[in-house]
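Shown next: model_29.csv, containing CSV, C-alpha atoms.
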```
chain,number,residue,atom,x,y,z
W,254,MET,CA,-20.0,27.2,-4.8
W,255,VAL,CA,-18.7,23.9,-6.2
W,256,ASN,CA,-18.7,21.0,-3.7
W,257,ARG,CA,-15.8,18.5,-3.5
W,258,VAL,CA,-17.6,15.7,-5.4
W,259,ASN,CA,-18.5,18.0,-8.3
W,260,ALA,CA,-15.1,19.6,-8.4
W,261,ASN,CA,-13.4,16.2,-8.5
W,262,ARG,CA,-15.7,15.0,-11.3
W,263,MET,CA,-15.1,18.2,-13.2
W,264,VAL,CA,-11.3,18.1,-12.8
W,265,LEU,CA,-11.1,14.4,-13.5
W,266,ARG,CA,-13.1,14.7,-16.7
W,267,TYR,CA,-11.0,17.6,-17.9
W,268,LEU,CA,-7.7,16.0,-16.9
W,269,ILE,CA,-8.5,12.7,-18.6
W,270,SER,CA,-9.8,14.4,-21.8
W,271,LYS,CA,-6.6,16.5,-21.9
W,272,LEU,CA,-4.3,13.6,-21.4
W,273,LYS,CA,-6.1,11.6,-24.1
W,274,GLU,CA,-5.9,14.5,-26.5
W,275,ARG,CA,-2.1,14.6,-25.9
W,276,GLY,CA,-1.8,10.8,-26.2
W,277,THR,CA,-0.4,10.5,-22.7
W,278,PHE,CA,-3.2,8.9,-20.8
W,279,TYR,CA,-1.8,5.8,-18.9
W,280,GLY,CA,-4.5,4.9,-16.5
W,281,LYS,CA,-5.8,5.3,-13.0
W,282,LEU,CA,-2.4,5.3,-11.2
W,283,GLN,CA,-1.3,8.2,-13.3
W,284,VAL,CA,-4.5,10.1,-12.8
W,285,MET,CA,-4.4,9.5,-9.1
W,286,LYS,CA,-0.9,11.1,-8.9
W,287,LEU,CA,-1.8,14.0,-11.1
W,288,MET,CA,-4.8,14.7,-8.9
W,289,PHE,CA,-2.5,14.6,-5.9
W,290,LEU,CA,-0.3,17.2,-7.6
W,291,ILE,CA,-3.3,19.3,-8.5
W,292,ASP,CA,-4.4,19.1,-4.9
W,293,HIS,CA,-1.0,19.6,-3.1
W,294,PHE,CA,1.6,21.0,-5.5
W,295,ASP,CA,2.1,24.8,-5.2
W,296,PRO,CA,3.5,26.1,-8.5
W,297,LYS,CA,4.8,29.3,-6.8
W,298,LYS,CA,6.6,27.6,-4.0
W,299,ARG,CA,7.5,24.7,-6.3
W,300,ARG,CA,6.8,22.1,-3.5
W,301,ILE,CA,4.1,20.1,-1.9
W,302,VAL,CA,1.9,22.1,0.6
W,303,LYS,CA,-0.4,20.9,3.4
W,304,LYS,CA,-3.6,22.4,2.1
W,305,SER,CA,-5.5,20.4,-0.5
W,306,LEU,CA,-7.0,22.5,-3.3
W,307,LEU,CA,-10.0,20.2,-3.8
W,308,ASN,CA,-10.1,19.1,-0.2
W,309,ASN,CA,-9.2,15.5,-0.9
W,310,LYS,CA,-7.3,13.5,1.7
W,311,TYR,CA,-4.4,11.3,0.5
W,312,TYR,CA,-2.9,8.4,2.4
W,313,ILE,CA,0.6,7.0,1.7
W,314,TYR,CA,0.4,3.5,0.4
W,315,ALA,CA,2.8,1.2,-1.5
W,316,PHE,CA,2.3,3.1,-4.8
W,317,GLY,CA,2.4,6.6,-3.3
W,318,PRO,CA,-0.4,9.0,-2.4
W,319,PHE,CA,-3.9,7.6,-2.7
W,320,SER,CA,-7.2,9.4,-2.2
W,321,PHE,CA,-10.4,7.4,-1.6
W,322,GLU,CA,-12.5,10.3,-2.7
W,323,VAL,CA,-10.6,10.5,-6.0
W,324,SER,CA,-10.6,6.7,-6.5
W,325,GLU,CA,-14.4,6.5,-6.0
W,326,GLU,CA,-15.1,9.4,-8.3
W,327,TYR,CA,-12.8,7.9,-11.0
W,328,ASP,CA,-14.7,4.6,-10.8
W,329,ARG,CA,-18.0,6.4,-11.1
W,330,LEU,CA,-16.9,8.6,-14.0
W,331,LYS,CA,-18.9,8.5,-17.2
W,332,ASP,CA,-18.4,10.6,-20.3
W,333,GLY,CA,-19.7,14.1,-19.9
W,334,LYS,CA,-19.0,17.7,-20.2
W,335,THR,CA,-15.4,18.7,-19.7
W,336,LYS,CA,-16.2,22.3,-18.8
W,337,ILE,CA,-14.1,23.5,-15.9
W,338,ASP,CA,-13.8,26.6,-13.7
W,339,GLU,CA,-11.2,29.1,-15.0
W,340,ARG,CA,-9.5,29.1,-11.6
W,341,LEU,CA,-9.1,25.3,-11.6
W,342,ARG,CA,-8.3,25.1,-15.3
W,343,GLU,CA,-5.1,27.1,-14.9
W,344,LYS,CA,-3.8,24.8,-12.2
W,345,VAL,CA,-4.8,21.6,-14.0
W,346,ASP,CA,-3.1,22.8,-17.2
W,347,PHE,CA,0.0,23.7,-15.3
W,348,ILE,CA,0.2,20.2,-13.8
W,349,ILE,CA,-0.5,18.5,-17.1
W,350,GLU,CA,2.2,20.6,-18.8
W,351,LYS,CA,4.7,19.8,-16.1
W,352,PHE,CA,3.9,16.2,-15.2
W,353,GLY,CA,1.5,14.9,-17.8
W,354,ASN,CA,4.1,13.2,-20.0
W,355,ILE,CA,5.7,11.2,-17.2
W,356,ASP,CA,5.3,7.5,-17.0
W,357,GLN,CA,2.9,6.6,-14.1
W,358,TRP,CA,5.5,4.6,-12.1
W,359,VAL,CA,8.1,7.3,-12.4
W,360,LEU,CA,5.4,9.8,-11.4
W,361,SER,CA,4.6,7.8,-8.3
W,362,GLU,CA,8.2,7.9,-7.3
W,363,LYS,CA,8.4,11.6,-8.0
W,364,CYS,CA,5.4,12.3,-5.8
W,365,MET,CA,7.0,10.3,-2.9
W,366,GLU,CA,10.3,12.1,-3.4
W,367,MET,CA,8.6,15.5,-3.1
W,368,LEU,CA,7.2,14.3,0.2
W,369,GLY,CA,10.7,13.3,1.4
W,370,ILE,CA,9.9,9.6,1.1
W,371,THR,CA,12.4,7.1,-0.3
W,372,VAL,CA,12.4,3.4,-0.8
W,373,LYS,CA,14.5,3.1,2.4
W,374,ASN,CA,12.2,5.1,4.7
W,375,LYS,CA,8.8,4.3,3.1
W,376,GLY,CA,7.7,1.8,5.7
W,377,ARG,CA,7.7,4.5,8.3
W,378,PHE,CA,5.1,6.6,6.4
W,379,LEU,CA,2.7,3.9,5.2
W,380,GLY,CA,-0.8,4.7,6.4
W,381,PHE,CA,0.0,8.3,7.2
W,382,ARG,CA,-1.9,11.1,5.6
W,383,VAL,CA,-0.1,13.6,3.3
W,384,ASP,CA,-1.2,16.6,5.4
W,385,GLU,CA,0.4,15.0,8.5
W,386,ILE,CA,3.7,14.4,6.6
W,387,VAL,CA,3.8,17.9,5.1
W,388,LYS,CA,2.9,19.4,8.5
W,389,ASN,CA,5.9,17.7,10.1
W,390,TYR,CA,8.1,18.6,7.2
W,391,GLU,CA,7.1,22.2,7.3
W,392,ALA,CA,7.6,22.3,11.1
W,393,LYS,CA,11.2,21.1,10.6
W,394,ARG,CA,11.8,23.7,7.8
W,395,ASN,CA,10.7,26.5,10.2
I,175,MET,CA,-6.6,8.6,15.1
I,176,LYS,CA,-2.9,7.8,14.8
I,177,PRO,CA,-1.5,4.7,13.2
I,178,LEU,CA,-1.3,1.7,15.6
I,179,SER,CA,2.0,1.4,17.5
I,180,PHE,CA,3.6,-2.1,17.9
I,181,GLN,CA,3.3,-1.8,21.6
I,182,LYS,CA,-0.5,-1.0,21.4
I,183,PHE,CA,-0.9,-3.8,18.9
I,184,LYS,CA,0.7,-6.3,21.3
I,185,GLU,CA,-1.7,-5.3,24.1
I,186,ILE,CA,-4.8,-5.7,21.9
I,187,TYR,CA,-3.5,-8.9,20.3
I,188,LYS,CA,-3.3,-10.6,23.7
I,189,GLU,CA,-7.1,-10.3,24.0
I,190,ILE,CA,-7.8,-11.6,20.6
I,191,GLU,CA,-9.1,-15.2,20.4
I,192,GLU,CA,-7.0,-17.8,18.5
I,193,LYS,CA,-9.9,-18.5,16.1
I,194,ASP,CA,-9.8,-14.9,14.9
I,195,LYS,CA,-6.1,-14.6,14.2
I,196,HIS,CA,-6.1,-16.2,10.8
I,197,LYS,CA,-9.0,-14.0,9.7
I,198,ILE,CA,-7.1,-10.9,10.8
I,199,PHE,CA,-4.0,-12.1,9.0
I,200,TYR,CA,-5.9,-12.8,5.8
I,201,TYR,CA,-7.6,-9.4,5.8
I,202,SER,CA,-4.2,-7.7,6.6
I,203,LEU,CA,-3.0,-8.9,3.2
I,204,PHE,CA,-5.1,-6.4,1.2
I,205,ASP,CA,-3.8,-3.1,0.1
I,206,ILE,CA,-6.7,-1.2,-1.5
I,207,SER,CA,-4.3,1.1,-3.4
I,208,SER,CA,-3.2,-1.9,-5.4
I,209,PHE,CA,-6.8,-2.5,-6.5
I,210,ILE,CA,-6.1,0.5,-8.8
I,211,PHE,CA,-4.8,-2.0,-11.4
I,212,ILE,CA,-8.0,-3.9,-11.4
I,213,GLU,CA,-11.2,-2.9,-13.3
I,214,LYS,CA,-13.8,-2.2,-10.6
I,215,MET,CA,-16.7,-3.8,-12.5
I,216,SER,CA,-14.8,-6.9,-13.5
I,217,ARG,CA,-15.5,-10.1,-11.6
I,218,LEU,CA,-12.2,-9.8,-9.7
I,219,GLY,CA,-13.0,-6.1,-9.0
I,220,ARG,CA,-16.3,-7.1,-7.5
I,221,GLU,CA,-14.7,-9.8,-5.4
I,222,LEU,CA,-12.1,-7.4,-4.1
I,223,SER,CA,-14.9,-4.9,-3.2
I,224,GLU,CA,-16.6,-7.6,-1.2
I,225,ILE,CA,-13.4,-8.4,0.6
I,226,ASP,CA,-12.9,-4.7,1.3
I,227,ARG,CA,-16.5,-4.5,2.7
I,228,LYS,CA,-15.7,-7.4,5.1
I,229,ILE,CA,-12.4,-5.8,6.2
I,230,ASN,CA,-14.2,-2.7,7.1
I,231,GLU,CA,-16.9,-4.6,9.0
I,232,GLU,CA,-14.8,-7.2,10.8
I,233,ILE,CA,-11.4,-5.6,11.6
I,234,PRO,CA,-12.8,-2.7,13.7
I,235,LYS,CA,-15.0,-5.1,15.7
I,236,LEU,CA,-11.8,-7.0,16.7
I,237,PHE,CA,-9.6,-4.0,17.5
I,238,LEU,CA,-11.8,-1.1,18.6
I,239,LYS,CA,-14.2,-0.6,21.4
I,240,ARG,CA,-17.9,-0.7,20.8
I,241,GLY,CA,-19.7,2.5,20.0
I,242,ILE,CA,-16.8,4.1,18.2
I,243,LYS,CA,-17.7,6.4,15.3
I,244,ARG,CA,-17.8,5.1,11.8
I,245,THR,CA,-15.2,7.6,10.6
I,246,ASP,CA,-12.8,6.3,13.2
I,247,LYS,CA,-13.4,2.7,12.2
I,248,LEU,CA,-12.7,3.7,8.6
I,249,ALA,CA,-9.6,5.6,9.6
I,250,PHE,CA,-8.3,2.5,11.6
I,251,VAL,CA,-8.6,0.3,8.5
I,252,ARG,CA,-7.0,2.9,6.2
I,253,ARG,CA,-4.1,3.5,8.5
I,254,ASN,CA,-3.4,0.0,9.6
I,255,VAL,CA,-4.7,-2.6,7.2
I,256,TYR,CA,-4.3,-1.0,3.7
I,257,SER,CA,-0.8,0.0,4.8
I,258,ASP,CA,1.1,-3.2,5.7
I,259,ARG,CA,1.3,-2.2,9.4
I,260,LEU,CA,-1.1,-4.9,10.7
I,261,CYS,CA,0.5,-7.6,8.6
I,262,ARG,CA,4.0,-6.6,9.7
I,263,PHE,CA,2.9,-6.6,13.4
I,264,LEU,CA,1.2,-9.9,13.2
I,265,ILE,CA,4.3,-11.6,11.6
I,266,ALA,CA,6.6,-10.0,14.1
I,267,ILE,CA,4.6,-11.1,17.1
I,268,GLU,CA,4.2,-14.6,15.8
I,269,LEU,CA,7.9,-14.8,15.2
I,270,LYS,CA,8.5,-13.7,18.8
I,271,LYS,CA,6.1,-16.5,20.0
I,272,LYS,CA,8.4,-19.0,18.2
I,273,GLY,CA,11.4,-17.6,20.2
I,274,VAL,CA,12.8,-15.5,17.4
I,275,GLU,CA,14.0,-12.2,18.8
I,276,CYS,CA,12.8,-9.6,16.4
I,277,SER,CA,12.0,-5.9,16.5
I,278,ILE,CA,10.3,-3.3,14.2
I,279,SER,CA,12.9,-0.7,13.1
I,280,GLU,CA,12.2,3.0,12.9
I,281,GLU,CA,11.7,2.5,9.2
I,282,GLY,CA,9.1,-0.1,9.8
I,283,ASP,CA,11.1,-3.2,8.9
I,284,ILE,CA,11.1,-6.5,10.8
I,285,GLU,CA,14.7,-7.1,12.0
I,286,VAL,CA,16.1,-10.3,13.3
I,287,ASN,CA,19.8,-10.2,14.1
I,288,LYS,CA,21.5,-9.7,10.8
I,289,SER,CA,18.3,-10.4,8.8
I,290,ILE,CA,15.4,-8.2,7.6
I,291,VAL,CA,12.0,-9.6,6.7
I,292,GLU,CA,10.5,-7.6,3.9
I,293,ILE,CA,6.8,-8.1,3.1
I,294,LYS,CA,5.1,-7.7,-0.2
I,295,ARG,CA,1.4,-8.4,-0.5
I,296,ILE,CA,0.4,-9.3,-4.1
I,297,VAL,CA,-3.0,-9.2,-5.6
I,298,ALA,CA,-2.0,-8.2,-9.2
I,299,GLY,CA,1.1,-9.0,-11.3
I,300,ALA,CA,1.5,-5.4,-12.3
I,301,GLN,CA,2.8,-4.6,-8.8
I,302,LEU,CA,5.7,-7.0,-9.0
I,303,SER,CA,8.2,-5.4,-11.3
I,304,LYS,CA,7.9,-2.2,-9.2
I,305,TYR,CA,8.4,-4.1,-6.0
I,306,VAL,CA,11.5,-5.8,-7.3
I,307,GLU,CA,12.9,-2.5,-8.5
I,308,GLU,CA,12.4,-1.0,-5.0
I,309,ILE,CA,13.9,-4.0,-3.3
I,310,VAL,CA,17.1,-3.7,-5.4
I,311,LYS,CA,17.3,0.0,-4.6
I,312,LYS,CA,16.7,-0.6,-0.9
I,313,TYR,CA,19.1,-3.5,-0.3
I,314,GLU,CA,21.8,-3.4,-3.0
I,315,GLY,CA,25.1,-3.3,-1.2
I,316,SER,CA,23.5,-4.0,2.2
I,317,ASN,CA,25.3,-6.3,4.5
I,318,LYS,CA,22.0,-7.6,5.9
I,319,ASN,CA,20.3,-10.9,5.0
I,320,LEU,CA,17.1,-10.4,3.2
I,321,VAL,CA,14.0,-12.6,3.6
I,322,LEU,CA,11.5,-11.4,1.0
I,323,LEU,CA,8.0,-12.6,1.6
I,324,LEU,CA,5.7,-12.6,-1.4
I,325,ILE,CA,2.3,-13.2,0.1
I,326,PHE,CA,-0.7,-14.0,-2.2
I,327,PRO,CA,-4.1,-14.0,-0.6
I,328,GLN,CA,-6.9,-16.1,-2.0
I,329,ILE,CA,-9.6,-14.2,-3.8
I,330,GLY,CA,-13.0,-15.7,-4.6
I,331,GLU,CA,-13.2,-19.4,-5.2
I,332,GLU,CA,-9.7,-20.0,-6.5
I,333,ASP,CA,-8.4,-23.5,-6.8
I,334,VAL,CA,-6.1,-23.5,-3.8
I,335,GLU,CA,-3.5,-26.1,-4.9
I,336,ARG,CA,-3.3,-24.8,-8.4
I,337,ILE,CA,-2.8,-21.2,-7.5
I,338,SER,CA,-0.4,-22.1,-4.7
I,339,LYS,CA,1.7,-24.0,-7.3
I,340,LEU,CA,1.5,-21.1,-9.7
I,341,THR,CA,2.8,-18.6,-7.1
I,342,GLU,CA,6.0,-20.7,-7.0
I,343,ILE,CA,6.8,-19.2,-10.4
I,344,TYR,CA,7.9,-16.1,-8.5
I,345,TYR,CA,10.9,-17.9,-7.1
I,346,VAL,CA,12.6,-16.7,-10.2
I,347,ILE,CA,12.8,-13.4,-8.4
I,348,GLU,CA,15.2,-14.9,-5.9
I,349,LYS,CA,17.5,-15.8,-8.7
I,350,PHE,CA,17.3,-12.3,-10.2
I,351,LEU,CA,17.9,-10.6,-6.8
I,352,SER,CA,20.8,-12.9,-6.0
I,353,PHE,CA,22.8,-11.0,-8.7
I,354,LYS,CA,22.2,-7.8,-6.9
I,355,ILE,CA,21.9,-8.7,-3.2
I,356,GLU,CA,24.4,-10.9,-1.6
I,357,ARG,CA,22.2,-13.0,0.8
I,358,VAL,CA,18.6,-13.2,-0.2
I,359,LYS,CA,15.9,-15.8,0.2
I,360,VAL,CA,12.3,-15.5,-1.2
I,361,ILE,CA,9.3,-17.1,0.3
I,362,CYS,CA,6.2,-17.4,-1.8
I,363,GLN,CA,3.2,-18.1,0.3
I,364,TYR,CA,-0.4,-18.5,-0.7
I,365,ILE,CA,-2.9,-17.7,2.1
I,366,THR,CA,-6.5,-19.0,2.0
I,367,ARG,CA,-9.5,-17.2,3.3
I,368,GLU,CA,-10.4,-20.0,5.7
I,369,GLU,CA,-7.6,-21.4,7.7
I,370,LEU,CA,-6.1,-24.5,5.9
I,371,GLU,CA,-3.0,-26.5,6.6
I,372,ASN,CA,0.0,-25.2,4.5
I,373,TYR,CA,-1.8,-22.0,3.6
I,374,ASN,CA,-2.0,-20.2,6.9
I,375,LEU,CA,0.0,-17.8,9.1
I,376,SER,CA,1.6,-20.7,11.2
I,377,ASN,CA,2.9,-22.3,8.1
I,378,LEU,CA,4.4,-19.0,6.9
I,379,ILE,CA,6.0,-18.4,10.3
I,380,GLU,CA,7.6,-21.8,10.3
I,381,ARG,CA,9.0,-21.2,6.9
I,382,ILE,CA,10.4,-17.8,7.9
I,383,VAL,CA,12.1,-19.2,11.0
I,384,LYS,CA,13.7,-21.9,8.9
I,385,VAL,CA,15.0,-19.5,6.3
I,386,ILE,CA,16.3,-17.1,8.9
I,387,LYS,CA,18.2,-19.9,10.5
I,388,GLU,CA,19.7,-20.9,7.2
I,389,LEU,CA,20.8,-17.4,6.4
I,390,GLU,CA,22.2,-16.7,9.8
I,391,LYS,CA,24.4,-19.8,9.6
I,392,ILE,CA,26.1,-18.5,6.4
```

Structure re-expressed in C-alpha cells:
Amino acid sequence: MVNRVNANRMVLRYLISKLKERGTFYGKLQVMKLMFLIDHFDPKKRRIVKKSLLNNKYYIYAFGPFSFEVSEEYDRLKDGKTKIDERLREKVDFIIEKFGNIDQWVLSEKCMEMLGITVKNKGRFLGFRVDEIVKNYEAKRN
Amino acid sequence: MKPLSFQKFKEIYKEIEEKDKHKIFYYSLFDISSFIFIEKMSRLGRELSEIDRKINEEIPKLFLKRGIKRTDKLAFVRRNVYSDRLCRFLIAIELKKKGVECSISEEGDIEVNKSIVEIKRIVAGAQLSKYVEEIVKKYEGSNKNLVLLLIFPQIGEEDVERISKLTEIYYVIEKFLSFKIERVKVICQYITREELENYNLSNLIERIVKVIKELEKI
C-alpha cells in the first residue's frame, strides 16, 4: 500500500520529469494545477469529481486550487527515481497529454472554470475546499 | 469548520483589544498560495515561512477558544486568513466605524452605495498582471465605482519609506484601468509589521473613505 506522502512524491517526480522531457515545465503553479487535475479530474465523466485520487485536500485561493500537502512535498522534492505505479501512470499520462501544454495562468483559470468559479463569483468561494464545492455542485445536478 | 461569517466576525471582533487589531490586519495580508512564486529556501522564502508560522500561532489565539484542536486552528487560518476573508471583514467593519454604510455582497465584495472596494494583497510582482486581467474581466462595462486596494505588507527588515515610495509605481494601473473601467481609483498602501503612522489600517481606512466620497460625488 502506497501512503499519500509517497504517492505524492512518486507522482510529482514523474510529472515533473515528463513535463521537462516535453519542454513544457513552467513551475510550481503549473504543477499544483496538474496535481489538482490528477486528483480530481475524472477522464470518463470528463469533469471534476469530489473524491481525490491521492487523498490531497485543495483549498480555493486567489490562483485556484491549492493543496498544502502537494506544496510541502514539492518543496521537499529532490531528484530521485521516477518509477510510478501502473495505475497512477495511466492517469498522470492522460492529464499531461490533455493539460500539460497549457500555460500555468490559463490552466489556473481552466481549473476554476471546471469548478464553476468565475472572476465574478470567486470571492464567494475563497477559503472553501474543493470537495465542498463539488459536493454542492453535484447536489444541484442531481 | 466552516469559513467565518461576517456576523460571527463582528461578534468576535468586539472582544478583541485595540492593540491587537493592527497585528490581525497585518497577518490578514498574507495569502500562502501566492508564496508559490517565491523560492522556499531563498531569504524571502524563509522570511515568509516565519510570518506563516506566526500567523498560525497568533491568529487562532485571538479568534478561537482555548483547548481547540490543532487541526481546527489550522483550518481556521486556511479558510479565513489565506483567503482574503479576514482582511475583507476587517476593512468593512472599520469602514462602518467611520460611518460608511457598507455591506459584504453574496460574491464577497465590499459594497458602499455605488462603489465596490476590491482588495488585492501583494507579496510578489508576478501576481499583478493576473490581478489586473481579472479586474478588467470583472468590472469592464460595470456601472459601479471601483476602489482598488493594492496592499503591500512589510516583509523582514525592509526600509519602510523606500518601499512605500516604490509601491506608488503601481498607480500606473489606475491609468491603465481607466481605459477599460469608467470610474476607478487605485490606493497603494504599504502596511508595516508594527503599527506605524501612515502605514496602518486607520490610515488605509481614511484613504478609502476619502476616495469613496470623491467617486460618489462624480

Quick one: contact table of chain I to chain W, 8 Å max, nearest atom pair and distance in Å to one decimal per residue, counting all atoms listed in the file, chain and number order, as CSV?
```
residue,atom,partner,partner_atom,distance
I:Pro177,CA,W:Gly380,CA,6.8
I:Asp205,CA,W:Tyr314,CA,7.8
I:Ser207,CA,W:Tyr314,CA,6.5
I:Ser208,CA,W:Phe316,CA,7.5
I:Ile210,CA,W:Lys281,CA,6.4
I:Phe211,CA,W:Lys281,CA,7.5
I:Lys214,CA,W:Asp328,CA,6.9
I:Arg252,CA,W:Gly380,CA,6.5
I:Arg253,CA,W:Gly380,CA,4.1
I:Asn254,CA,W:Gly380,CA,6.3
I:Tyr256,CA,W:Gly380,CA,7.2
I:Ser257,CA,W:Gly380,CA,5.0
I:Asp258,CA,W:Leu379,CA,7.3
I:Arg259,CA,W:Leu379,CA,7.5
I:Glu280,CA,W:Arg377,CA,6.6
I:Glu281,CA,W:Arg377,CA,4.6
I:Gly282,CA,W:Gly376,CA,4.7
I:Asp283,CA,W:Gly376,CA,6.8
I:Lys304,CA,W:Trp358,CA,7.8
I:Glu308,CA,W:Val372,CA,6.1
I:Ile309,CA,W:Val372,CA,8.0
I:Lys311,CA,W:Val372,CA,7.1
I:Lys312,CA,W:Lys373,CA,5.4
```

Just to be explicit: take each residue in the selection above, keep C-alpha atoms, and write the result as a PDB file, keeping the file's coordinate frame.
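Everything below was put into selection05.pdb:
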```
ATOM      1  CA  PRO I 177      -1.500   4.700  13.200  1.00  0.00           C
ATOM      2  CA  ASP I 205      -3.800  -3.100   0.100  1.00  0.00           C
ATOM      3  CA  SER I 207      -4.300   1.100  -3.400  1.00  0.00           C
ATOM      4  CA  SER I 208      -3.200  -1.900  -5.400  1.00  0.00           C
ATOM      5  CA  ILE I 210      -6.100   0.500  -8.800  1.00  0.00           C
ATOM      6  CA  PHE I 211      -4.800  -2.000 -11.400  1.00  0.00           C
ATOM      7  CA  LYS I 214     -13.800  -2.200 -10.600  1.00  0.00           C
ATOM      8  CA  ARG I 252      -7.000   2.900   6.200  1.00  0.00           C
ATOM      9  CA  ARG I 253      -4.100   3.500   8.500  1.00  0.00           C
ATOM     10  CA  ASN I 254      -3.400   0.000   9.600  1.00  0.00           C
ATOM     11  CA  TYR I 256      -4.300  -1.000   3.700  1.00  0.00           C
ATOM     12  CA  SER I 257      -0.800   0.000   4.800  1.00  0.00           C
ATOM     13  CA  ASP I 258       1.100  -3.200   5.700  1.00  0.00           C
ATOM     14  CA  ARG I 259       1.300  -2.200   9.400  1.00  0.00           C
ATOM     15  CA  GLU I 280      12.200   3.000  12.900  1.00  0.00           C
ATOM     16  CA  GLU I 281      11.700   2.500   9.200  1.00  0.00           C
ATOM     17  CA  GLY I 282       9.100  -0.100   9.800  1.00  0.00           C
ATOM     18  CA  ASP I 283      11.100  -3.200   8.900  1.00  0.00           C
ATOM     19  CA  LYS I 304       7.900  -2.200  -9.200  1.00  0.00           C
ATOM     20  CA  GLU I 308      12.400  -1.000  -5.000  1.00  0.00           C
ATOM     21  CA  ILE I 309      13.900  -4.000  -3.300  1.00  0.00           C
ATOM     22  CA  LYS I 311      17.300   0.000  -4.600  1.00  0.00           C
ATOM     23  CA  LYS I 312      16.700  -0.600  -0.900  1.00  0.00           C
TER      24      LYS I 312
END
```

Near-segment 269-277 of chain W list (8 Å; all atoms listed in the file; drop same-chain fewer than 2 positions) as an mmCIF file with C-alpha atoms, keeping the file's coordinate frame:
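This is the output file around13.cif:
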```
data_model
loop_
_atom_site.group_PDB
_atom_site.id
_atom_site.type_symbol
_atom_site.label_atom_id
_atom_site.label_comp_id
_atom_site.auth_asym_id
_atom_site.auth_seq_id
_atom_site.Cartn_x
_atom_site.Cartn_y
_atom_site.Cartn_z
ATOM 1 C CA LEU W 265 -11.100 14.400 -13.500
ATOM 2 C CA ARG W 266 -13.100 14.700 -16.700
ATOM 3 C CA TYR W 267 -11.000 17.600 -17.900
ATOM 4 C CA TYR W 279 -1.800 5.800 -18.900
ATOM 5 C CA VAL W 284 -4.500 10.100 -12.800
ATOM 6 C CA THR W 335 -15.400 18.700 -19.700
ATOM 7 C CA ILE W 349 -0.500 18.500 -17.100
ATOM 8 C CA GLY W 353 1.500 14.900 -17.800
ATOM 9 C CA ASN W 354 4.100 13.200 -20.000
#
```

Interatomic distance (Å, one decimal) between atom CA of Leu178 of chain I and atom CA of Ile361 of chain I: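 About the pair atom CA of Leu178 of chain I and atom CA of Ile361 of chain I: they are 26.5 Å apart.
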
Using all atoms listed in the file, which residue out of W:Ile348, W:Met365, W:Val323, W:Val387 lies closest to Pro296 of chain W?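 Looking at the shortest contact to Pro296 of chain W, the residue is W:Ile348.
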
Restricting the calculation to all atoms listed in the file, which member of I:Arg367, I:Arg336, I:Lys243, I:Lys195 is positioned closest to Glu268 of chain I?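 Closest residue, counting all atoms listed in the file: I:Lys195.
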
Between atom CA of Asn256 of chain W and atom CA of Asn309 of chain W, what distance in Å does the model show, to one decimal? 11.3 Å

All residues 12 Å or closer to Arg217 of chain I, only C-alpha atoms, same chain fewer than 4 positions away omitted, as an mmCIF file with C-alpha atoms, keeping the file's coordinate frame:
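Full text of part-v1.cif as output:
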```cif
data_model
loop_
_atom_site.group_PDB
_atom_site.id
_atom_site.type_symbol
_atom_site.label_atom_id
_atom_site.label_comp_id
_atom_site.auth_asym_id
_atom_site.auth_seq_id
_atom_site.Cartn_x
_atom_site.Cartn_y
_atom_site.Cartn_z
ATOM 1 C CA ILE I 212 -8.000 -3.900 -11.400
ATOM 2 C CA GLU I 213 -11.200 -2.900 -13.300
ATOM 3 C CA GLU I 221 -14.700 -9.800 -5.400
ATOM 4 C CA LEU I 222 -12.100 -7.400 -4.100
ATOM 5 C CA SER I 223 -14.900 -4.900 -3.200
ATOM 6 C CA GLU I 224 -16.600 -7.600 -1.200
ATOM 7 C CA ILE I 329 -9.600 -14.200 -3.800
ATOM 8 C CA GLY I 330 -13.000 -15.700 -4.600
ATOM 9 C CA GLU I 331 -13.200 -19.400 -5.200
#
```

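Here atom CA of Val297 of chain I is placed at a distance of 6.3 Å from atom CA of Phe326 of chain I.
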
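Restricting the calculation to all atoms listed in the file, the smallest distance between Leu378 of chain I and any of I:Ile278, I:Ala300, I:Leu323, I:Ile355 is found for I:Leu323.
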